[in-house]
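Next comes structure00.txt, with compact mmCIF, C-alpha atoms and all ligand atoms.
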# COMPACT_ATOMS: atom_id res chain seq x y z
CA MET A 63 165.20 159.01 120.59
CA ASN A 64 165.75 156.74 123.58
CA ASP A 65 164.52 153.17 123.88
CA ASN A 66 161.94 154.03 126.53
CA ILE A 67 160.03 156.17 124.17
CA GLU A 68 160.29 153.66 121.35
CA SER A 69 158.82 150.73 123.22
CA GLY A 70 155.83 149.37 125.04
CA PHE A 71 153.24 150.99 127.16
CA THR A 72 154.97 154.33 127.52
CA ARG A 73 154.99 154.79 123.76
CA ARG A 74 151.32 153.86 123.35
CA LYS A 75 150.30 156.29 126.01
CA PHE A 76 152.34 158.98 124.36
CA ILE A 77 150.74 158.36 120.99
CA GLN A 78 147.23 158.28 122.32
CA ALA A 79 147.75 161.42 124.31
CA GLY A 80 149.35 163.09 121.35
CA SER A 81 146.51 162.20 119.03
CA ALA A 82 144.04 163.58 121.55
CA GLY A 83 145.94 166.81 121.60
CA LEU A 84 146.90 166.26 125.21
CA VAL A 85 150.65 166.09 125.06
CA GLY A 86 151.91 168.72 127.42
CA VAL A 87 154.70 169.28 129.83
CA SER A 88 152.90 167.31 132.59
CA LEU A 89 152.58 164.13 130.47
CA VAL A 90 156.15 164.06 129.31
CA GLN A 91 157.77 164.38 132.68
CA GLY A 92 160.96 162.43 132.59
CA PHE A 93 161.12 162.66 128.81
CA ASN A 94 163.76 164.67 127.13
CA LYS A 95 162.35 168.14 126.63
CA ALA A 96 163.51 168.47 123.03
CA VAL A 97 161.86 165.19 122.11
CA ALA A 98 158.57 166.25 123.64
CA GLN A 99 158.57 169.48 121.65
CA THR A 100 159.13 167.75 118.31
CA PRO A 101 155.97 166.22 116.75
CA GLN A 102 156.68 162.50 116.61
CA ILE A 103 155.46 160.11 113.90
CA VAL A 104 155.72 156.78 115.58
CA ARG A 105 153.73 153.86 114.23
CA GLU A 106 152.90 150.66 115.92
CA SER A 107 154.07 148.15 113.37
CA SER A 108 156.91 145.86 112.52
CA ALA A 109 158.01 148.09 109.58
CA ARG A 110 161.71 148.49 109.46
CA ALA A 111 164.32 149.31 106.83
CA GLN A 112 165.80 146.25 105.20
CA GLY A 113 167.65 145.51 101.96
CA GLN A 114 165.89 144.28 98.84
CA PRO A 115 167.10 142.51 95.64
CA MET A 116 168.76 144.57 92.89
CA PRO A 117 166.09 146.23 90.69
CA ASN A 118 166.27 145.81 86.91
CA LEU A 119 168.72 148.44 85.71
CA GLU A 120 167.52 150.72 82.90
CA ASN A 121 171.13 151.48 82.06
CA PRO A 122 174.27 149.56 82.91
CA PHE A 123 176.37 151.12 85.66
CA PRO A 124 178.82 153.81 84.53
CA LEU A 125 182.43 152.76 84.87
CA PRO A 126 184.50 154.30 87.64
CA PRO A 127 186.93 156.97 86.36
CA GLU A 128 190.02 154.74 86.47
CA ARG A 129 188.42 152.19 84.13
CA ARG A 130 187.12 154.70 81.56
CA LEU A 131 189.00 155.31 78.32
CA GLY A 132 190.74 158.67 77.95
CA TRP A 133 189.83 160.88 75.02
CA ALA A 134 191.85 163.64 73.38
CA ILE A 135 189.74 166.11 71.43
CA ALA A 136 191.55 167.55 68.40
CA GLY A 137 190.15 170.95 67.35
CA LEU A 138 188.33 173.10 69.88
CA GLY A 139 185.69 174.55 67.57
CA ASN A 140 181.98 175.03 67.70
CA PHE A 141 180.97 171.37 67.61
CA ALA A 142 183.70 170.17 69.97
CA LEU A 143 183.03 172.78 72.64
CA ASN A 144 179.24 172.93 72.45
CA GLN A 145 178.30 169.29 71.87
CA ILE A 146 181.10 166.79 72.22
CA ILE A 147 183.09 167.84 75.27
CA PRO A 148 179.96 168.50 77.39
CA SER A 149 178.52 165.15 76.24
CA LEU A 150 181.52 163.23 77.57
CA ALA A 151 179.96 163.76 81.00
CA ASP A 152 176.94 161.73 79.84
CA THR A 153 179.02 158.74 78.77
CA ARG A 154 179.45 155.53 80.75
CA MET A 155 182.92 154.60 79.60
CA CYS A 156 184.74 157.75 78.50
CA LYS A 157 186.53 160.69 80.05
CA LEU A 158 188.17 163.80 78.66
CA THR A 159 191.90 163.61 79.33
CA ALA A 160 193.58 165.80 76.69
CA ILE A 161 192.97 168.54 74.14
CA VAL A 162 194.68 169.51 70.90
CA SER A 163 194.42 173.07 69.68
CA GLY A 164 196.25 175.70 67.66
CA ASN A 165 195.00 178.44 69.97
CA THR A 166 196.97 178.40 73.25
CA GLU A 167 194.73 180.80 75.13
CA LYS A 168 191.55 178.92 74.21
CA ALA A 169 193.20 175.61 75.08
CA ARG A 170 194.12 176.90 78.55
CA THR A 171 190.61 178.18 79.16
CA VAL A 172 189.12 174.83 78.17
CA ALA A 173 191.74 172.91 80.17
CA ASN A 174 190.99 174.97 83.27
CA ALA A 175 187.26 174.47 82.86
CA TYR A 176 187.57 170.68 82.56
CA GLY A 177 190.50 170.11 84.91
CA ILE A 178 192.96 168.98 82.25
CA PRO A 179 196.58 169.18 83.41
CA ASP A 180 199.09 171.25 81.39
CA ARG A 181 200.96 168.11 80.32
CA ASN A 182 197.83 166.98 78.42
CA ILE A 183 197.43 170.13 76.32
CA TYR A 184 198.82 169.66 72.81
CA SER A 185 199.31 172.03 69.91
CA TYR A 186 199.43 170.83 66.30
CA ASP A 187 203.24 171.07 66.60
CA THR A 188 203.51 168.93 69.74
CA PHE A 189 200.70 166.50 68.84
CA ASP A 190 202.95 163.58 67.90
CA GLN A 191 204.21 163.42 71.51
CA ILE A 192 200.76 162.13 72.42
CA ARG A 193 202.20 158.66 71.73
CA ASN A 194 203.91 158.84 75.13
CA ASN A 195 200.76 159.73 76.99
CA PRO A 196 199.05 156.77 78.67
CA ASP A 197 196.13 159.03 79.67
CA VAL A 198 194.97 159.05 76.02
CA ASP A 199 193.39 155.98 74.42
CA ILE A 200 191.28 157.62 71.68
CA VAL A 201 191.78 160.78 69.62
CA TYR A 202 188.61 162.40 68.27
CA ILE A 203 189.30 164.43 65.11
CA ILE A 204 186.94 167.44 64.91
CA LEU A 205 188.91 169.55 62.43
CA PRO A 206 187.87 170.98 59.04
CA ASN A 207 187.20 168.17 56.55
CA ALA A 208 190.43 168.48 54.56
CA LEU A 209 192.47 167.90 57.73
CA HIS A 210 190.73 164.67 58.76
CA SER A 211 193.02 162.31 56.90
CA GLU A 212 196.36 163.82 58.01
CA TRP A 213 195.38 163.93 61.69
CA THR A 214 193.73 160.51 61.72
CA ILE A 215 196.90 159.02 60.28
CA ARG A 216 199.11 160.89 62.77
CA ALA A 217 196.93 159.73 65.68
CA ALA A 218 197.10 156.11 64.48
CA LYS A 219 200.87 156.36 64.07
CA ALA A 220 201.01 157.64 67.64
CA GLY A 221 199.33 154.38 68.68
CA LYS A 222 195.91 155.86 69.44
CA HIS A 223 192.46 154.68 68.37
CA VAL A 224 190.64 157.26 66.26
CA MET A 225 187.14 158.59 65.96
CA CYS A 226 186.83 160.99 63.04
CA GLU A 227 184.07 163.42 62.13
CA LYS A 228 182.07 163.25 58.92
CA PRO A 229 182.81 163.52 56.08
CA MET A 230 185.58 161.01 56.67
CA ALA A 231 187.89 162.86 54.26
CA VAL A 232 187.87 164.74 50.97
CA THR A 233 188.89 161.97 48.58
CA VAL A 234 188.52 158.21 48.31
CA GLU A 235 192.31 157.86 48.38
CA GLU A 236 192.53 159.75 51.66
CA CYS A 237 189.87 157.48 53.18
CA GLN A 238 191.79 154.41 52.06
CA ALA A 239 195.02 155.78 53.55
CA MET A 240 193.24 156.38 56.87
CA ILE A 241 191.91 152.83 56.96
CA GLU A 242 195.33 151.43 56.08
CA ALA A 243 197.09 153.51 58.74
CA CYS A 244 194.69 152.36 61.45
CA ASN A 245 194.90 148.72 60.32
CA LYS A 246 198.69 148.88 60.25
CA ALA A 247 198.79 150.33 63.75
CA ASN A 248 196.17 147.81 64.88
CA ARG A 249 193.96 150.67 66.07
CA LYS A 250 190.18 151.09 65.74
CA LEU A 251 188.78 153.71 63.37
CA MET A 252 185.20 154.90 63.71
CA ILE A 253 183.44 157.60 61.71
CA ALA A 254 181.18 159.73 63.87
CA TYR A 255 177.83 159.04 62.22
CA ARG A 256 175.89 160.04 65.32
CA ALA A 257 172.45 159.40 63.76
CA GLN A 258 173.27 155.69 63.63
CA TYR A 259 173.43 155.65 67.44
CA GLU A 260 170.38 157.83 68.07
CA PRO A 261 167.11 156.23 69.31
CA TYR A 262 164.68 157.72 66.73
CA ASN A 263 166.84 156.79 63.77
CA LEU A 264 167.43 153.33 65.22
CA GLU A 265 163.67 152.86 65.59
CA ALA A 266 163.17 154.12 62.02
CA ILE A 267 165.65 151.50 60.79
CA ARG A 268 163.81 148.83 62.78
CA LEU A 269 160.43 149.87 61.36
CA VAL A 270 161.63 149.97 57.76
CA GLN A 271 163.47 146.66 58.10
CA SER A 272 160.51 145.01 59.89
CA GLY A 273 158.33 145.46 56.81
CA LYS A 274 155.85 147.65 58.70
CA LEU A 275 155.88 150.09 55.76
CA GLY A 276 155.77 147.29 53.21
CA GLU A 277 158.41 147.65 50.53
CA PRO A 278 160.15 151.04 50.57
CA LYS A 279 159.48 152.62 47.18
CA VAL A 280 160.50 156.27 47.43
CA ILE A 281 162.68 157.90 50.08
CA ILE A 282 162.87 161.65 50.29
CA ALA A 283 165.81 163.11 52.20
CA ASP A 284 166.57 166.82 52.47
CA HIS A 285 169.18 168.62 54.54
CA GLY A 286 169.75 172.33 54.32
CA ARG A 287 170.53 175.51 56.17
CA PRO A 288 171.69 178.99 55.28
CA LEU A 289 175.47 179.46 55.29
CA ASP A 290 176.51 182.31 57.61
CA LEU A 291 179.84 183.73 56.50
CA SER A 292 180.11 185.91 59.60
CA LEU A 293 180.89 182.71 61.56
CA PRO A 294 184.44 181.27 61.48
CA SER A 295 182.94 177.76 61.38
CA ASP A 296 181.14 178.62 58.13
CA GLN A 297 184.08 180.52 56.63
CA TRP A 298 186.19 177.39 56.16
CA ARG A 299 183.07 175.51 54.93
CA ALA A 300 182.95 177.98 52.02
CA GLN A 301 186.58 177.30 51.08
CA LYS A 302 187.23 174.40 48.73
CA GLU A 303 190.70 173.79 50.14
CA LEU A 304 189.45 173.17 53.71
CA ALA A 305 185.93 171.88 53.13
CA GLY A 306 186.64 169.63 50.13
CA GLY A 307 183.03 169.98 49.01
CA GLY A 308 180.02 172.15 49.70
CA SER A 309 176.65 171.51 51.29
CA LEU A 310 176.79 167.87 50.13
CA TYR A 311 179.94 167.11 52.14
CA ASP A 312 178.66 169.05 55.14
CA ILE A 313 174.96 168.21 55.49
CA GLY A 314 173.82 166.40 52.35
CA ILE A 315 175.87 163.52 53.73
CA TYR A 316 173.09 163.04 56.33
CA SER A 317 170.59 162.48 53.50
CA LEU A 318 172.94 160.07 51.76
CA ASN A 319 173.93 158.11 54.85
CA GLY A 320 170.33 158.15 56.12
CA VAL A 321 168.97 156.56 52.95
CA ARG A 322 171.70 153.93 53.09
CA TYR A 323 171.12 152.95 56.72
CA LEU A 324 167.34 152.96 56.41
CA THR A 325 167.21 150.80 53.28
CA LYS A 326 170.37 148.81 54.07
CA GLU A 327 170.99 148.91 50.34
CA GLU A 328 173.74 150.43 48.23
CA PRO A 329 172.72 152.53 45.19
CA VAL A 330 173.39 151.21 41.71
CA GLU A 331 172.75 154.43 39.76
CA ILE A 332 173.01 158.13 40.55
CA ARG A 333 171.67 161.19 38.70
CA ALA A 334 172.50 164.63 40.04
CA SER A 335 172.22 168.29 39.21
CA MET A 336 173.27 171.56 40.81
CA ARG A 337 171.31 174.80 41.08
CA PRO A 338 173.06 178.16 41.17
CA GLY A 339 173.84 179.47 44.65
CA SER A 340 173.94 182.92 46.24
CA GLY A 341 176.58 184.21 43.83
CA ASP A 342 178.76 185.31 46.76
CA PRO A 343 182.35 185.06 45.44
CA ARG A 344 183.58 183.96 48.88
CA VAL A 345 181.69 180.67 48.47
CA GLU A 346 183.99 178.40 46.45
CA VAL A 347 181.91 175.24 46.90
CA GLU A 348 178.51 174.10 45.67
CA GLU A 349 175.61 175.47 47.68
CA ASN A 350 172.73 173.46 46.18
CA ILE A 351 172.71 169.94 44.88
CA GLU A 352 169.90 167.48 44.14
CA TRP A 353 170.38 163.84 43.37
CA THR A 354 168.46 160.63 42.80
CA MET A 355 169.70 157.17 43.72
CA ARG A 356 168.29 153.93 42.35
CA PHE A 357 168.62 150.80 44.49
CA PRO A 358 168.72 147.11 43.52
CA SER A 359 165.25 146.58 45.10
CA GLY A 360 163.83 149.20 42.72
CA ALA A 361 163.49 151.83 45.48
CA ILE A 362 164.35 155.39 44.51
CA ALA A 363 165.78 158.08 46.80
CA ASN A 364 165.23 161.74 45.97
CA CYS A 365 167.69 163.83 47.94
CA SER A 366 168.79 167.42 48.25
CA SER A 367 171.19 169.50 50.24
CA SER A 368 171.52 173.23 50.34
CA TYR A 369 173.24 176.21 51.92
CA ASN A 370 170.36 178.36 50.69
CA TYR A 371 167.14 177.03 52.12
CA ALA A 372 165.91 177.28 55.71
CA ASP A 373 166.95 174.76 58.34
CA THR A 374 165.75 171.34 57.11
CA LYS A 375 166.70 167.86 58.30
CA ARG A 376 163.95 165.64 56.98
CA ILE A 377 163.70 162.03 55.84
CA ILE A 378 160.50 160.40 54.55
CA VAL A 379 160.21 156.72 53.66
CA GLN A 380 157.23 155.90 51.46
CA GLY A 381 156.46 152.19 51.38
CA THR A 382 153.71 150.05 49.88
CA LYS A 383 151.89 149.89 53.24
CA GLY A 384 152.87 153.02 55.08
CA VAL A 385 154.83 156.24 55.26
CA LEU A 386 157.41 157.10 57.91
CA THR A 387 158.32 160.76 58.37
CA ILE A 388 161.21 161.85 60.59
CA ASP A 389 161.35 165.62 60.79
CA PRO A 390 163.71 166.72 62.13
CA ALA A 391 165.59 163.48 61.58
CA THR A 392 169.12 164.49 62.43
CA ASP A 393 168.81 167.40 64.84
CA TYR A 394 171.18 167.45 67.84
CA TYR A 395 168.52 167.42 70.54
CA GLU A 396 165.12 166.99 68.93
CA ARG A 397 163.65 164.37 66.66
CA LYS A 398 160.02 163.85 65.67
CA MET A 399 158.59 160.86 63.90
CA TRP A 400 155.21 159.89 62.45
CA LEU A 401 154.01 156.60 61.05
CA LYS A 402 151.06 156.72 58.65
CA ARG A 403 149.32 153.49 57.68
CA GLY A 404 145.99 153.63 55.85
CA ASN A 405 143.94 156.36 57.48
CA SER A 406 145.75 156.30 60.78
CA GLU A 407 148.67 158.50 61.60
CA GLU A 408 150.61 157.96 64.79
CA LYS A 409 153.21 160.23 66.33
CA LEU A 410 155.92 157.99 67.74
CA LEU A 411 157.34 159.14 71.04
CA LEU A 412 160.54 157.55 72.24
CA ARG A 413 162.67 158.05 75.26
CA ASP A 414 165.40 160.37 74.07
CA ALA A 415 169.09 160.01 74.80
CA ASN A 416 172.31 161.90 74.17
CA GLN A 417 173.40 160.56 70.79
CA PHE A 418 176.91 162.00 71.14
CA ALA A 419 177.41 160.13 74.41
CA LEU A 420 175.98 156.95 72.87
CA GLU A 421 178.35 157.06 69.90
CA MET A 422 181.39 157.77 72.09
CA ASP A 423 180.46 154.89 74.39
CA HIS A 424 180.11 152.67 71.33
CA MET A 425 183.65 153.57 70.30
CA ALA A 426 184.94 152.94 73.83
CA GLU A 427 183.17 149.59 73.94
CA SER A 428 184.62 148.64 70.54
CA VAL A 429 188.11 149.34 71.86
CA MET A 430 187.55 147.56 75.17
CA GLN A 431 186.04 144.48 73.52
CA ASN A 432 188.36 144.59 70.51
CA LYS A 433 185.50 144.61 67.99
CA GLU A 434 184.90 146.67 64.87
CA PRO A 435 182.76 149.76 65.44
CA LYS A 436 179.34 149.80 63.74
CA THR A 437 180.41 152.76 61.57
CA PRO A 438 184.01 151.87 60.64
CA GLY A 439 186.24 153.55 58.09
CA ARG A 440 184.65 151.73 55.15
CA GLU A 441 181.27 153.31 56.00
CA GLY A 442 182.84 156.75 55.66
CA LEU A 443 184.72 155.67 52.55
CA GLN A 444 181.50 154.54 50.85
CA ASP A 445 179.84 157.93 51.43
CA VAL A 446 182.86 159.81 50.07
CA ARG A 447 182.91 157.48 47.06
CA LEU A 448 179.20 158.07 46.40
CA MET A 449 179.51 161.85 46.91
CA GLN A 450 182.27 161.91 44.30
CA LEU A 451 179.90 160.12 41.89
CA ILE A 452 177.11 162.58 42.74
CA TYR A 453 179.48 165.42 41.77
CA GLU A 454 180.48 163.57 38.61
CA SER A 455 176.87 163.18 37.52
CA ALA A 456 176.06 166.81 38.35
CA LYS A 457 179.08 167.95 36.35
CA THR A 458 178.48 165.81 33.28
CA GLY A 459 174.69 165.98 33.40
CA ARG A 460 174.60 162.21 32.87
CA PRO A 461 173.55 159.31 35.11
CA VAL A 462 176.42 157.41 36.70
CA THR A 463 176.44 153.66 37.25
CA VAL A 464 177.85 152.90 40.69
CA PRO A 465 180.60 150.27 40.41
CA PRO A 466 180.04 147.40 42.84
CA LEU A 467 181.81 147.72 46.18
CA ALA A 468 185.25 146.14 46.24
P1 LIG A 501 184.77 174.89 63.68
O1 LIG A 501 185.32 175.84 62.69
O2 LIG A 501 183.88 175.45 64.72
O3 LIG A 501 185.96 174.16 64.43
C1 LIG A 501 187.06 173.62 63.74
C2 LIG A 501 188.30 173.74 64.62
O4 LIG A 501 189.37 173.12 63.94
C3 LIG A 501 188.77 175.15 64.86
O5 LIG A 501 188.14 175.79 65.95
C4 LIG A 501 190.26 174.96 65.12
O6 LIG A 501 190.42 174.55 66.47
C5 LIG A 501 190.59 173.75 64.27
N1 LIG A 501 191.32 174.11 63.06
C6 LIG A 501 192.57 173.67 62.75
N2 LIG A 501 192.97 174.17 61.59
C7 LIG A 501 191.98 174.97 61.13
C8 LIG A 501 191.84 175.76 59.98
N3 LIG A 501 192.81 175.85 59.04
N4 LIG A 501 190.71 176.46 59.82
C9 LIG A 501 189.72 176.37 60.72
N5 LIG A 501 189.79 175.62 61.85
C10 LIG A 501 190.93 174.92 62.06
O7 LIG A 501 184.08 173.73 62.87
P2 LIG A 501 182.99 172.69 63.39
O8 LIG A 501 183.25 172.39 64.80
O9 LIG A 501 181.65 173.16 63.01
O10 LIG A 501 183.33 171.42 62.45
C11 LIG A 501 184.46 170.62 62.65
C12 LIG A 501 184.25 169.24 62.05
O11 LIG A 501 183.16 168.62 62.73
C13 LIG A 501 183.86 169.21 60.57
O12 LIG A 501 184.46 168.12 59.94
C14 LIG A 501 182.36 169.04 60.56
O13 LIG A 501 181.89 168.37 59.41
C15 LIG A 501 182.17 168.22 61.81
N6 LIG A 501 180.85 168.45 62.41
C16 LIG A 501 180.05 167.39 62.67
C17 LIG A 501 178.82 167.56 63.21
C18 LIG A 501 177.98 166.38 63.53
O14 LIG A 501 176.82 166.56 63.90
N7 LIG A 501 178.50 165.17 63.44
C19 LIG A 501 178.29 168.89 63.50
C20 LIG A 501 179.22 169.95 63.24
C21 LIG A 501 180.46 169.72 62.71
P3 LIG A 501 191.60 175.16 67.38
O15 LIG A 501 191.41 176.64 67.34
O16 LIG A 501 191.36 174.56 68.69
O17 LIG A 501 192.88 174.73 66.75

Same coordinates, now as structure tokens:
Amino acid sequence: MNDNIESGFTRRKFIQAGSAGLVGVSLVQGFNKAVAQTPQIVRESSARAQGQPMPNLENPFPLPPERRLGWAIAGLGNFALNQIIPSLADTRMCKLTAIVSGNTEKARTVANAYGIPDRNIYSYDTFDQIRNNPDVDIVYIILPNALHSEWTIRAAKAGKHVMCEKPMAVTVEECQAMIEACNKANRKLMIAYRAQYEPYNLEAIRLVQSGKLGEPKVIIADHGRPLDLSLPSDQWRAQKELAGGGSLYDIGIYSLNGVRYLTKEEPVEIRASMRPGSGDPRVEVEENIEWTMRFPSGAIANCSSSYNYADTKRIIVQGTKGVLTIDPATDYYERKMWLKRGNSEEKLLLRDANQFALEMDHMAESVMQNKEPKTPGREGLQDVRLMQLIYESAKTGRPVTVPPLA
């Protein structure tokens, strides 16, 4: 639009005529024809575009690609491909730079999809060469449980920081070796307890710790789902050699860890029992296990995990003044929470967030700021230690006193 139209008397005339429906060819003589044919919104005011101060940011800025830490994902299974790799796009500080897989064809497909160059595709045979790859800062171990310790140690020896899936490993000794290897290499080790980075669980911790429920007296925590042996990802879970344990190691660990992070206490006594499972000879691990934990405060946790009952991921904290129910508590993409105090029950709605992205950003931040992650190796070690005691009690039929933490 030219300056004549924009200013002074000519413009006013044009507006008035336009508003009276009179704009026609005769009134716009000398005007550009195209301008006259386009309805014009021209106001008489001093409004003009001008910069304003920075608004409050709801989230810090994401880092530009060259400043993000590079992740190698080891094991391209169900969880890695459906949750973790897509979630890297939601992070602020991380990027996918390499993959490790025993299946060449699958690795190529994934590499093509995410733009990973051939030089950053590793097999289990070539993995140790990752030490020479400056594109990789962190290796994320998403392999069957019994492989966690070997591959965490190899990643640390290759000079990489490690995030490892739950359960940390199969035995206490393996966990200790992982911690030692990462310490020796001066690398961070974080166990991927995603619920401890997820907004609903964080709010639940805050509520319990704030005393809003009074003193926690009884916590009920149940995690279960049917095992589906037609799926490769459930076939190894049924094998003792690869899974290390049964439903407890796989999903009961959410009940155990949940009770620990909500109460911020460590149990002093455990009683456990096992119920018979499906009887399918292919299942070499326990399917059903129930256990009770007694805490120094006097609180009791009643927990169960199962490969036989329908999908359940529930935690309930019953305190002297209120009851908090999170159901589902540890779902990937949905959590629901209620707080009941006296006769009032309130459904708590929080702004949701991608917990996988949050936990990966926490790991990246821990590396960048050289600080210990919130869920370090000793958090994973404590769960494995307690799960071993749960098995011991179930096997002997006797309560087990938990030795104090070293
Ligand atoms: P999958 O079976 O889907 O994937 C495991 C992958 O590990 C395989 O695809 C394979 O990748 C690799 N692998 C290497 N050796 C073996 C082997 N001998 N047998 C089977 N797989 C092998 O399992 P998930 O993804 O469900 O679980 C992987 C880990 O992630 C487990 O430790 C599990 O506890 C944890 N997990 C955590 C969740 C969470 O919410 N935090 C949720 C689900 C799982 P490739 O073919 O590329 O070599």

Dump the neighbourhood of ligand LIG 501 (chain A) as number ranges by chain: all residues within 9 Å, distances computed on only C-alpha atoms and all ligand atoms. A: 136-145, 161-166, 168-169, 185-186, 203-210, 226-231, 254-257, 293-299, 304-305, 311-313, 392-394, 418

Measuring between all atoms listed in the file, which one of A:Gly308, A:Arg337, A:Asn364, A:Ile315 shows the shortest distance to Val280 in chain A? A:Asn364

So which one's closest to Val385 in chain A, A:Glu328, A:Glu408, A:Asp423, A:Asp342? Using all atoms listed in the file, please. A:Glu408

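Take the candidates A:Ile281, A:Val234, A:Ala243, A:Met425 and check each one against Met449 in chain A using all atoms listed in the file; the shortest distance goes to A:Val234.
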
Record the distance separating CA of Val232 in chain A and CA of Tyr453 in chain A, expressed in Å with one decimal.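 Computing it gives 12.5 Å between the two atoms.
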
Considering all atoms listed in the file, return as a ChimeraX atom specification whatever protein or nucleic-acid residues lie within 10 Å of Met422 in chain A, sequence-local ones (same chain, fewer than 6 positions apart) excluded. /A:133,146,149-150,152-157,200,202,225,252,254,256,259,428

Nearby residues, (169.7, 149.8, 48.9) file frame, 10 Å, only C-alpha atoms, as a list in words: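 Using only C-alpha atoms, the matching residues come out as Pro278, Val321, Arg322, Tyr323, Leu324, Thr325, Lys326, Glu327, Glu328, Pro329, Val330, Met355, Arg356, Phe357, Pro358, Ser359, Gly360, Ala361, Ile362 and Ala363 of chain A.
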
When you look at Leu289 in chain A with a cut-off of 10 Å (counting all atoms listed in the file), what residues show up, excluding the ones that are within fewer than 5 positions of it in the same chain? I need them as a PDB file with C-alpha atoms, keeping the file's coordinate frame.
ATOM      1  CA  SER A 295     182.940 177.760  61.380  1.00  0.00           C
ATOM      2  CA  ASP A 296     181.140 178.620  58.130  1.00  0.00           C
ATOM      3  CA  GLN A 297     184.080 180.520  56.630  1.00  0.00           C
ATOM      4  CA  ARG A 299     183.070 175.510  54.930  1.00  0.00           C
ATOM      5  CA  ALA A 300     182.950 177.980  52.020  1.00  0.00           C
ATOM      6  CA  SER A 309     176.650 171.510  51.290  1.00  0.00           C
ATOM      7  CA  SER A 340     173.940 182.920  46.240  1.00  0.00           C
ATOM      8  CA  VAL A 345     181.690 180.670  48.470  1.00  0.00           C
ATOM      9  CA  GLU A 349     175.610 175.470  47.680  1.00  0.00           C
ATOM     10  CA  SER A 368     171.520 173.230  50.340  1.00  0.00           C
ATOM     11  CA  TYR A 369     173.240 176.210  51.920  1.00  0.00           C
ATOM     12  CA  ASN A 370     170.360 178.360  50.690  1.00  0.00           C
ATOM     13  CA  TYR A 371     167.140 177.030  52.120  1.00  0.00           C
ATOM     14  CA  ALA A 372     165.910 177.280  55.710  1.00  0.00           C
TER      15      ALA A 372
END

With distances taken over all atoms listed in the file, which of A:Ala134, A:Met399, A:Leu119, A:Val224 is nearest to Pro435 in chain A?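 Smallest distance to Pro435 in chain A is found for A:Val224.
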
For CA of Asn350 in chain A and CA of Ser367 in chain A, quote the distance in Å rounded to one decimal.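 Answer for the CA of Asn350 in chain A to CA of Ser367 in chain A separation: 5.9 Å.
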
Within 7 Å of range 187-197 of chain A, counting only C-alpha atoms, which residues show up once you throw out same-chain ones fewer than 4 positions away? Write them as a count of residues only, please. 5

Enter the distance from CA of Val379 in chain A to CA of His285 in chain A, in Å, rounded to one decimal.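 About the pair CA of Val379 in chain A and CA of His285 in chain A: they are 14.9 Å apart.
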
Select, from A:Gln114, A:Ser211, A:Gln417, A:Ser406, the residue with the minimum atom-to-atom distance to Asn263 in chain A, counting only C-alpha atoms. A:Gln417

Please list as a list in words every residue within 12 Å of Leu269 in chain A, counting only C-alpha atoms and excluding residues in the same chain fewer than 2 positions away. Tyr262, Asn263, Leu264, Glu265, Ala266, Ile267, Gln271, Ser272, Gly273, Lys274, Leu275, Gly276, Glu277, Pro278, Leu324, Thr325, Val379, Gly381, Lys383, Gly384, Val385, Leu386, Thr387, Met399, Trp400, Leu401, Lys402 and Leu410 of chain A

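With all atoms listed in the file as the atoms that count, the residue of A:Lys409, A:Lys222, A:Arg287, A:Lys433 with the shortest distance to Arg376 in chain A is A:Arg287.
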